[in-house]
Structure formats: structure tokens, C-alpha cells
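J.: Quick one: structure below, then a few questions.
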Amino acid sequence: MALETEDFPLLIAQTGPLNGQRWLLRGDVIVGRDDSCTVIIQDRQVSRYHARFIPQAQGIQLEDLGSKNGTHVNGQVVIEPVILQDGDVIQIALAQQFVYMSSDSTIPLELSSQKPAETAPAPTRLRLEKRARRVWIGDVELLPPLSVSQYQLLEVLYDNPGRVVSRVELIQAVWGKEDAVGISEQALDALVRRLRDRLAAIDNRHQFLITVRGHGLRLDNPPVS
């Protein structure tokens with residue numbers, strides 16, 4: 001979102017898919033996976049409505065909205081609503097970390113000097129529009145859309161550029177931790193094969209999904225040439 005110069009408390013995303021993005025806390029801010037949330041984190045670890053920031057007379061209050069995987073402040077689980085202090089680190093499940101600043105004038109140098117490129121990286125050949133769950137290769141959109149499981153598999157690889165994501169992580173991201181125990185590696189292999197076929201239907205010259213035997217998969221997503 002575009003920030004104004006008013007002296008409002010600030011929420012800054014650090015590690016995670018939203019890294020570098022900022023939000024002014026001028027009113028209630030809900031964090032979750034649902035498209036209606038103020039801050040949307042498209043990760044299965046995050047509940048649909050996970051946590052809420054509420055301006056109070058004494059400061060910004062953070063409350064967990066009964067999330068499945070928890071909200072933490074400075075490593076402590078949030079059970080009852082808590083008033084945030086300048087510099088507090090907020091963790092949403094294991095998916096996203098934020099730092100709270102009581103005003104934009106208190107942003108540490110290492111945060112205030114972050115360049116816009118961190119939130120707007122160079123265009124890559126494969127692109128995701130997460131809110132609408134749309135996928136492009138170059139200027140061509142994948143139609144019909146990917147299945148839910150195909151999209152979730154692609155998304156976790158897309159959010160970890162260049163990193164080998166383990167098979168366990170992939171299974172948990174697609175099927176969830178509770179159901180992951182009953183999922184075979186053959187089921188994951190079949191899903192990977194179907195996703196490869198969908199991507200190859202648009203671009204069969206490049207192998208986007210790279211299998212690293214004994215470890216997992218990584219996404220090879222080169223910049224637009």
C-alpha cells in the first residue's frame with residue numbers, strides 16, 4: 001500500500017512472502033489467508049482470519065483470532081490480547097514475520113533503507129497473481145486455471161526462489177500437516193508430473209520444476225530476457 005507521511009504506527013513485513021511491505025495501523029488490521037483480510041498471507045499454515053491489530057488509547061493491541069498455528073510476539077505465544085511495544089517482532093504461524101514500529105520516525109536504518117526492489121523484484125518468466133490465484137508464463141496465462149493442489153505446490157516453490165524445498169515441506173504445504181502423514185511420495189510425484197505437464201503446455205523449452213534427488217524440488221524461474 002502507498003504510505004503517507006502521517007505519524008501512525010507501522011507494521012513492516014520481514015522474513016516471509018510479504019518481505020519489505022508496510023502497513024499503517026490507522027484502524028483495525030486483520031491478518032489472514034482470506035481475501036477479505038487487510039494483510040493477506042497465502043499460506044496453509046495461516047488461518048483464514050489469523051490475528052488482528054486494533055488501535056487503542058494506550059497503543060496498538062494485537063489479538064490472536066483463534067488461529068490454528070498461533071501468533072507470537074518476541075517468541076511468546078499470544079493467548080490474551082497484548083499491547084505492542086516499539087520494535088516488537090510478531091510471528092504469524094511459521095509463515096510470516098513482522099516488526100512493529102510505534103511511528104514511522106522510529107524505523108531503524110536497516111529497515112528504512114530497504115529499496116523498493118525488494119517488494120518489486122525483476123520480472124520472471126513465470127509469475128503468480130496470488131490474490132486471484134492466476135499463473136502466467138511470459139504473457140500467456142495458464143487456462144484453465146491450475147487445480148488447488150497444483151497451485152499450492154507451485155506457490156510454495158515460487159515463494160522459495162532457488163531453494164530446494166523438501167518433499168516433507170511440499171506435502172505439508174499441499175495437504176496440510178494433519179493429513180500429511182497419510183500422503184505417499186507417489187501421490188506427490190503424480191502431482192508434480194501433472195504440474196510439469198501444465199507448465200510444458202505453455203513453454204516446453206524450459207524445465208521449471210527441478211528434482212534434486214534425495215532432497216526435494218526447486219523452481220528454476222529465470223528473469224524475463
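Ligands are numbered from 1 in the order shown, residues from 1 within each chain, and chains are lettered A, B, ... in the order they appear in the C-alpha cells.
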For A:Val168, list every protein, DNA or RNA residue within 12 Å, evaluated using only C-alpha atoms, and leave out those in the same chain fewer than 6 positions away; present the list as a list in words.

T.: Leu153, Val174, Trp175, Gly176, Lys177, Asp179, Ala180, Val181, Gly182, Ile183, Ser184, Glu185, Leu188, Gly214, His215, Gly216 and Leu217 of chain A

J.: Run DSSP on the backbone and give me the residues of stretch 64-202 of chain A it puts in helix (DSSP H, G or I), as a PyMOL selection string.

T.: chain A and resi 104-106+109-112+116-118+148-158+167-175+177-180+185-200

J.: Go ahead and write the selection's residues with N, CA and C atoms as a short mmCIF file (atom, residue, chain, number, x, y, z; two decimals), in the first residue's frame.

T.:
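This is the output file result19.cif:
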```
data_model
loop_
_atom_site.label_atom_id
_atom_site.label_comp_id
_atom_site.auth_asym_id
_atom_site.auth_seq_id
_atom_site.Cartn_x
_atom_site.Cartn_y
_atom_site.Cartn_z
N ASP A 104 6.52 5.99 12.11
CA ASP A 104 7.48 5.82 11.03
C ASP A 104 8.81 6.51 11.32
N SER A 105 8.83 7.43 12.30
CA SER A 105 10.07 8.13 12.62
C SER A 105 11.03 7.24 13.40
N THR A 106 10.55 6.08 13.89
CA THR A 106 11.40 5.20 14.69
C THR A 106 11.94 4.02 13.89
N LEU A 109 17.54 2.12 10.72
CA LEU A 109 18.17 2.44 9.44
C LEU A 109 18.11 1.27 8.48
N GLU A 110 18.36 0.04 9.00
CA GLU A 110 18.40 -1.11 8.09
C GLU A 110 17.04 -1.40 7.48
N LEU A 111 15.93 -0.97 8.16
CA LEU A 111 14.60 -1.16 7.59
C LEU A 111 14.22 0.00 6.70
N SER A 112 14.52 1.22 7.14
CA SER A 112 14.11 2.39 6.36
C SER A 112 14.88 2.51 5.06
N PRO A 116 12.84 -0.24 -2.89
CA PRO A 116 11.58 -0.76 -3.43
C PRO A 116 11.76 -2.06 -4.19
N ALA A 117 12.94 -2.30 -4.71
CA ALA A 117 13.14 -3.53 -5.48
C ALA A 117 12.90 -4.78 -4.66
N GLU A 118 12.98 -4.65 -3.33
CA GLU A 118 12.75 -5.83 -2.51
C GLU A 118 11.31 -6.28 -2.55
N VAL A 148 -6.40 -26.68 -7.25
CA VAL A 148 -5.97 -26.13 -5.96
C VAL A 148 -4.64 -26.73 -5.53
N SER A 149 -4.52 -28.04 -5.63
CA SER A 149 -3.28 -28.69 -5.18
C SER A 149 -2.10 -28.34 -6.08
N GLN A 150 -2.33 -28.23 -7.39
CA GLN A 150 -1.26 -27.83 -8.31
C GLN A 150 -0.79 -26.42 -7.98
N TYR A 151 -1.74 -25.52 -7.73
CA TYR A 151 -1.37 -24.14 -7.41
C TYR A 151 -0.59 -24.07 -6.10
N GLN A 152 -1.04 -24.80 -5.09
CA GLN A 152 -0.36 -24.77 -3.79
C GLN A 152 1.07 -25.28 -3.91
N LEU A 153 1.27 -26.32 -4.71
CA LEU A 153 2.61 -26.84 -4.93
C LEU A 153 3.48 -25.79 -5.61
N LEU A 154 2.95 -25.18 -6.66
CA LEU A 154 3.72 -24.16 -7.37
C LEU A 154 4.01 -22.96 -6.48
N GLU A 155 3.04 -22.58 -5.67
CA GLU A 155 3.19 -21.39 -4.82
C GLU A 155 4.32 -21.55 -3.80
N VAL A 156 4.39 -22.71 -3.16
CA VAL A 156 5.44 -22.88 -2.15
C VAL A 156 6.83 -22.85 -2.79
N LEU A 157 6.95 -23.36 -4.01
CA LEU A 157 8.22 -23.28 -4.72
C LEU A 157 8.51 -21.85 -5.17
N TYR A 158 7.47 -21.15 -5.62
CA TYR A 158 7.60 -19.77 -6.07
C TYR A 158 8.04 -18.86 -4.93
N ARG A 167 10.61 -32.68 0.30
CA ARG A 167 9.36 -33.36 -0.02
C ARG A 167 8.37 -33.28 1.15
N VAL A 168 8.89 -33.34 2.36
CA VAL A 168 8.02 -33.21 3.53
C VAL A 168 7.35 -31.84 3.56
N GLU A 169 8.12 -30.79 3.30
CA GLU A 169 7.56 -29.44 3.27
C GLU A 169 6.49 -29.32 2.19
N LEU A 170 6.76 -29.90 1.03
CA LEU A 170 5.81 -29.81 -0.08
C LEU A 170 4.51 -30.53 0.27
N ILE A 171 4.62 -31.71 0.83
CA ILE A 171 3.42 -32.47 1.20
C ILE A 171 2.61 -31.71 2.24
N GLN A 172 3.28 -31.13 3.24
CA GLN A 172 2.57 -30.38 4.27
C GLN A 172 1.93 -29.13 3.71
N ALA A 173 2.60 -28.48 2.76
CA ALA A 173 2.05 -27.26 2.17
C ALA A 173 0.80 -27.54 1.35
N VAL A 174 0.77 -28.68 0.68
CA VAL A 174 -0.36 -29.01 -0.20
C VAL A 174 -1.50 -29.67 0.57
N TRP A 175 -1.17 -30.64 1.40
CA TRP A 175 -2.21 -31.43 2.08
C TRP A 175 -2.45 -31.02 3.53
N LYS A 177 -0.59 -30.24 7.55
CA LYS A 177 0.19 -31.07 8.48
C LYS A 177 -0.61 -32.26 8.99
N GLU A 178 -1.88 -32.05 9.26
CA GLU A 178 -2.68 -33.13 9.84
C GLU A 178 -2.85 -34.30 8.89
N ASP A 179 -3.01 -34.00 7.60
CA ASP A 179 -3.25 -35.06 6.61
C ASP A 179 -1.97 -35.57 5.96
N ALA A 180 -0.84 -34.89 6.23
CA ALA A 180 0.40 -35.23 5.52
C ALA A 180 0.88 -36.64 5.83
N GLU A 185 4.67 -40.68 -1.17
CA GLU A 185 5.54 -39.95 -2.09
C GLU A 185 5.05 -40.11 -3.53
N GLN A 186 4.39 -41.24 -3.81
CA GLN A 186 3.85 -41.45 -5.15
C GLN A 186 2.77 -40.41 -5.47
N ALA A 187 1.98 -40.04 -4.46
CA ALA A 187 0.96 -39.01 -4.67
C ALA A 187 1.60 -37.68 -5.00
N LEU A 188 2.69 -37.34 -4.30
CA LEU A 188 3.41 -36.10 -4.60
C LEU A 188 4.02 -36.16 -5.99
N ASP A 189 4.63 -37.29 -6.34
CA ASP A 189 5.23 -37.43 -7.68
C ASP A 189 4.19 -37.24 -8.77
N ALA A 190 3.00 -37.80 -8.56
CA ALA A 190 1.93 -37.66 -9.55
C ALA A 190 1.51 -36.20 -9.68
N LEU A 191 1.44 -35.50 -8.56
CA LEU A 191 1.07 -34.08 -8.60
C LEU A 191 2.13 -33.26 -9.32
N VAL A 192 3.39 -33.54 -9.03
CA VAL A 192 4.49 -32.84 -9.70
C VAL A 192 4.43 -33.08 -11.21
N ARG A 193 4.17 -34.31 -11.59
CA ARG A 193 4.10 -34.66 -13.02
C ARG A 193 2.97 -33.89 -13.71
N ARG A 194 1.80 -33.81 -13.06
CA ARG A 194 0.68 -33.07 -13.66
C ARG A 194 1.00 -31.58 -13.78
N LEU A 195 1.67 -31.04 -12.76
CA LEU A 195 2.03 -29.62 -12.82
C LEU A 195 3.05 -29.37 -13.92
N ARG A 196 4.02 -30.26 -14.05
CA ARG A 196 5.01 -30.13 -15.13
C ARG A 196 4.32 -30.13 -16.49
N ASP A 197 3.36 -31.02 -16.66
CA ASP A 197 2.64 -31.10 -17.93
C ASP A 197 1.91 -29.80 -18.23
N ARG A 198 1.30 -29.20 -17.21
CA ARG A 198 0.57 -27.95 -17.42
C ARG A 198 1.52 -26.82 -17.82
N LEU A 199 2.68 -26.76 -17.17
CA LEU A 199 3.64 -25.71 -17.50
C LEU A 199 4.24 -25.94 -18.89
N ALA A 200 4.51 -27.20 -19.21
CA ALA A 200 5.10 -27.52 -20.52
C ALA A 200 4.14 -27.24 -21.66
#
```

J.: Have a look at atom CA of A:His72 and atom CA of A:Ile90 and let me know their distance in Å, one decimal.

T.: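 For atom CA of A:His72 relative to atom CA of A:Ile90, the distance reads 5.6 Å.
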
J.: Between atom CA of A:Val29 and atom CA of A:Arg52, measure the distance and give it in Å to one decimal.

T.: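 Distance between the two atoms: 5.6 Å.
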
J.: For A:Arg33, which residue among A:Tyr100, A:Ile54, A:Lys130, A:Ile83 is the nearest when counting only C-alpha atoms?

T.: A:Lys130

J.: Please provide the set of residues having any atom within 12 Å of A:Ala93, restricted to only C-alpha atoms, with same-chain residues fewer than 5 positions apart removed, written as number ranges by chain.

T.: A: 16, 31-33, 41, 43-47, 50-51, 64, 66-73, 75-78, 98

J.: Just N, CA and C atoms for this one: save the residues we selected as a PDB file, in the first residue's frame.

T.:
```
ATOM      1  N   GLY A  16       9.529 -13.862   5.035  1.00  0.00           N
ATOM      2  CA  GLY A  16       8.253 -14.402   4.579  1.00  0.00           C
ATOM      3  C   GLY A  16       7.876 -13.848   3.227  1.00  0.00           C
ATOM      4  N   VAL A  31      -5.096  -9.878   9.781  1.00  0.00           N
ATOM      5  CA  VAL A  31      -4.118 -10.677   9.044  1.00  0.00           C
ATOM      6  C   VAL A  31      -4.665 -12.094   8.901  1.00  0.00           C
ATOM      7  N   GLY A  32      -4.600 -12.628   7.685  1.00  0.00           N
ATOM      8  CA  GLY A  32      -5.082 -13.990   7.481  1.00  0.00           C
ATOM      9  C   GLY A  32      -4.970 -14.417   6.040  1.00  0.00           C
ATOM     10  N   ARG A  33      -5.515 -15.587   5.755  1.00  0.00           N
ATOM     11  CA  ARG A  33      -5.446 -16.169   4.411  1.00  0.00           C
ATOM     12  C   ARG A  33      -6.620 -15.757   3.535  1.00  0.00           C
ATOM     13  N   ILE A  41      -1.955 -13.411   3.649  1.00  0.00           N
ATOM     14  CA  ILE A  41      -0.809 -14.321   3.565  1.00  0.00           C
ATOM     15  C   ILE A  41      -1.322 -15.643   3.009  1.00  0.00           C
ATOM     16  N   ASP A  43      -0.798 -18.809   2.671  1.00  0.00           N
ATOM     17  CA  ASP A  43      -0.027 -19.950   3.159  1.00  0.00           C
ATOM     18  C   ASP A  43      -0.957 -20.800   4.011  1.00  0.00           C
ATOM     19  N   ARG A  44      -0.923 -22.115   3.806  1.00  0.00           N
ATOM     20  CA  ARG A  44      -1.858 -23.000   4.504  1.00  0.00           C
ATOM     21  C   ARG A  44      -1.625 -23.021   6.015  1.00  0.00           C
ATOM     22  N   GLN A  45      -0.452 -22.613   6.462  1.00  0.00           N
ATOM     23  CA  GLN A  45      -0.205 -22.539   7.899  1.00  0.00           C
ATOM     24  C   GLN A  45      -1.006 -21.408   8.553  1.00  0.00           C
ATOM     25  N   VAL A  46      -1.408 -20.441   7.743  1.00  0.00           N
ATOM     26  CA  VAL A  46      -2.109 -19.254   8.241  1.00  0.00           C
ATOM     27  C   VAL A  46      -3.612 -19.505   8.204  1.00  0.00           C
ATOM     28  N   SER A  47      -4.300 -19.192   9.292  1.00  0.00           N
ATOM     29  CA  SER A  47      -5.753 -19.349   9.339  1.00  0.00           C
ATOM     30  C   SER A  47      -6.425 -18.286   8.479  1.00  0.00           C
ATOM     31  N   HIS A  50      -6.529 -14.814  11.091  1.00  0.00           N
ATOM     32  CA  HIS A  50      -5.491 -15.305  11.999  1.00  0.00           C
ATOM     33  C   HIS A  50      -5.276 -14.385  13.207  1.00  0.00           C
ATOM     34  N   ALA A  51      -5.093 -13.096  12.959  1.00  0.00           N
ATOM     35  CA  ALA A  51      -4.796 -12.151  14.037  1.00  0.00           C
ATOM     36  C   ALA A  51      -5.320 -10.772  13.657  1.00  0.00           C
ATOM     37  N   ASP A  64      -4.900 -12.714  18.904  1.00  0.00           N
ATOM     38  CA  ASP A  64      -4.994 -13.900  18.060  1.00  0.00           C
ATOM     39  C   ASP A  64      -6.469 -14.259  17.911  1.00  0.00           C
ATOM     40  N   GLY A  66      -8.040 -17.017  17.398  1.00  0.00           N
ATOM     41  CA  GLY A  66      -8.270 -18.460  17.487  1.00  0.00           C
ATOM     42  C   GLY A  66      -7.576 -19.232  16.388  1.00  0.00           C
ATOM     43  N   SER A  67      -6.421 -18.749  15.955  1.00  0.00           N
ATOM     44  CA  SER A  67      -5.714 -19.382  14.844  1.00  0.00           C
ATOM     45  C   SER A  67      -5.247 -20.783  15.213  1.00  0.00           C
ATOM     46  N   LYS A  68      -5.070 -21.600  14.186  1.00  0.00           N
ATOM     47  CA  LYS A  68      -4.659 -22.990  14.395  1.00  0.00           C
ATOM     48  C   LYS A  68      -3.191 -23.097  14.777  1.00  0.00           C
ATOM     49  N   ASN A  69      -2.338 -22.282  14.143  1.00  0.00           N
ATOM     50  CA  ASN A  69      -0.893 -22.412  14.340  1.00  0.00           C
ATOM     51  C   ASN A  69      -0.272 -21.276  15.137  1.00  0.00           C
ATOM     52  N   GLY A  70      -1.103 -20.400  15.678  1.00  0.00           N
ATOM     53  CA  GLY A  70      -0.619 -19.461  16.673  1.00  0.00           C
ATOM     54  C   GLY A  70      -0.017 -18.164  16.158  1.00  0.00           C
ATOM     55  N   THR A  71      -0.010 -17.184  17.066  1.00  0.00           N
ATOM     56  CA  THR A  71       0.617 -15.881  16.864  1.00  0.00           C
ATOM     57  C   THR A  71       1.598 -15.673  18.011  1.00  0.00           C
ATOM     58  N   HIS A  72       2.791 -15.190  17.699  1.00  0.00           N
ATOM     59  CA  HIS A  72       3.815 -14.987  18.721  1.00  0.00           C
ATOM     60  C   HIS A  72       4.320 -13.544  18.688  1.00  0.00           C
ATOM     61  N   VAL A  73       4.647 -13.014  19.857  1.00  0.00           N
ATOM     62  CA  VAL A  73       5.309 -11.715  19.982  1.00  0.00           C
ATOM     63  C   VAL A  73       6.615 -11.936  20.732  1.00  0.00           C
ATOM     64  N   GLY A  75       8.661 -14.224  20.429  1.00  0.00           N
ATOM     65  CA  GLY A  75       8.808 -15.631  20.767  1.00  0.00           C
ATOM     66  C   GLY A  75       7.798 -16.169  21.758  1.00  0.00           C
ATOM     67  N   GLN A  76       6.926 -15.305  22.286  1.00  0.00           N
ATOM     68  CA  GLN A  76       5.923 -15.730  23.260  1.00  0.00           C
ATOM     69  C   GLN A  76       4.560 -15.847  22.584  1.00  0.00           C
ATOM     70  N   VAL A  77       3.876 -16.966  22.820  1.00  0.00           N
ATOM     71  CA  VAL A  77       2.581 -17.173  22.192  1.00  0.00           C
ATOM     72  C   VAL A  77       1.574 -16.166  22.732  1.00  0.00           C
ATOM     73  N   VAL A  78       0.753 -15.631  21.846  1.00  0.00           N
ATOM     74  CA  VAL A  78      -0.289 -14.676  22.227  1.00  0.00           C
ATOM     75  C   VAL A  78      -1.543 -15.461  22.603  1.00  0.00           C
ATOM     76  N   PHE A  98       6.720 -10.044  11.194  1.00  0.00           N
ATOM     77  CA  PHE A  98       6.572  -8.594  11.095  1.00  0.00           C
ATOM     78  C   PHE A  98       7.334  -7.937  12.241  1.00  0.00           C
TER      79      PHE A  98
END
```
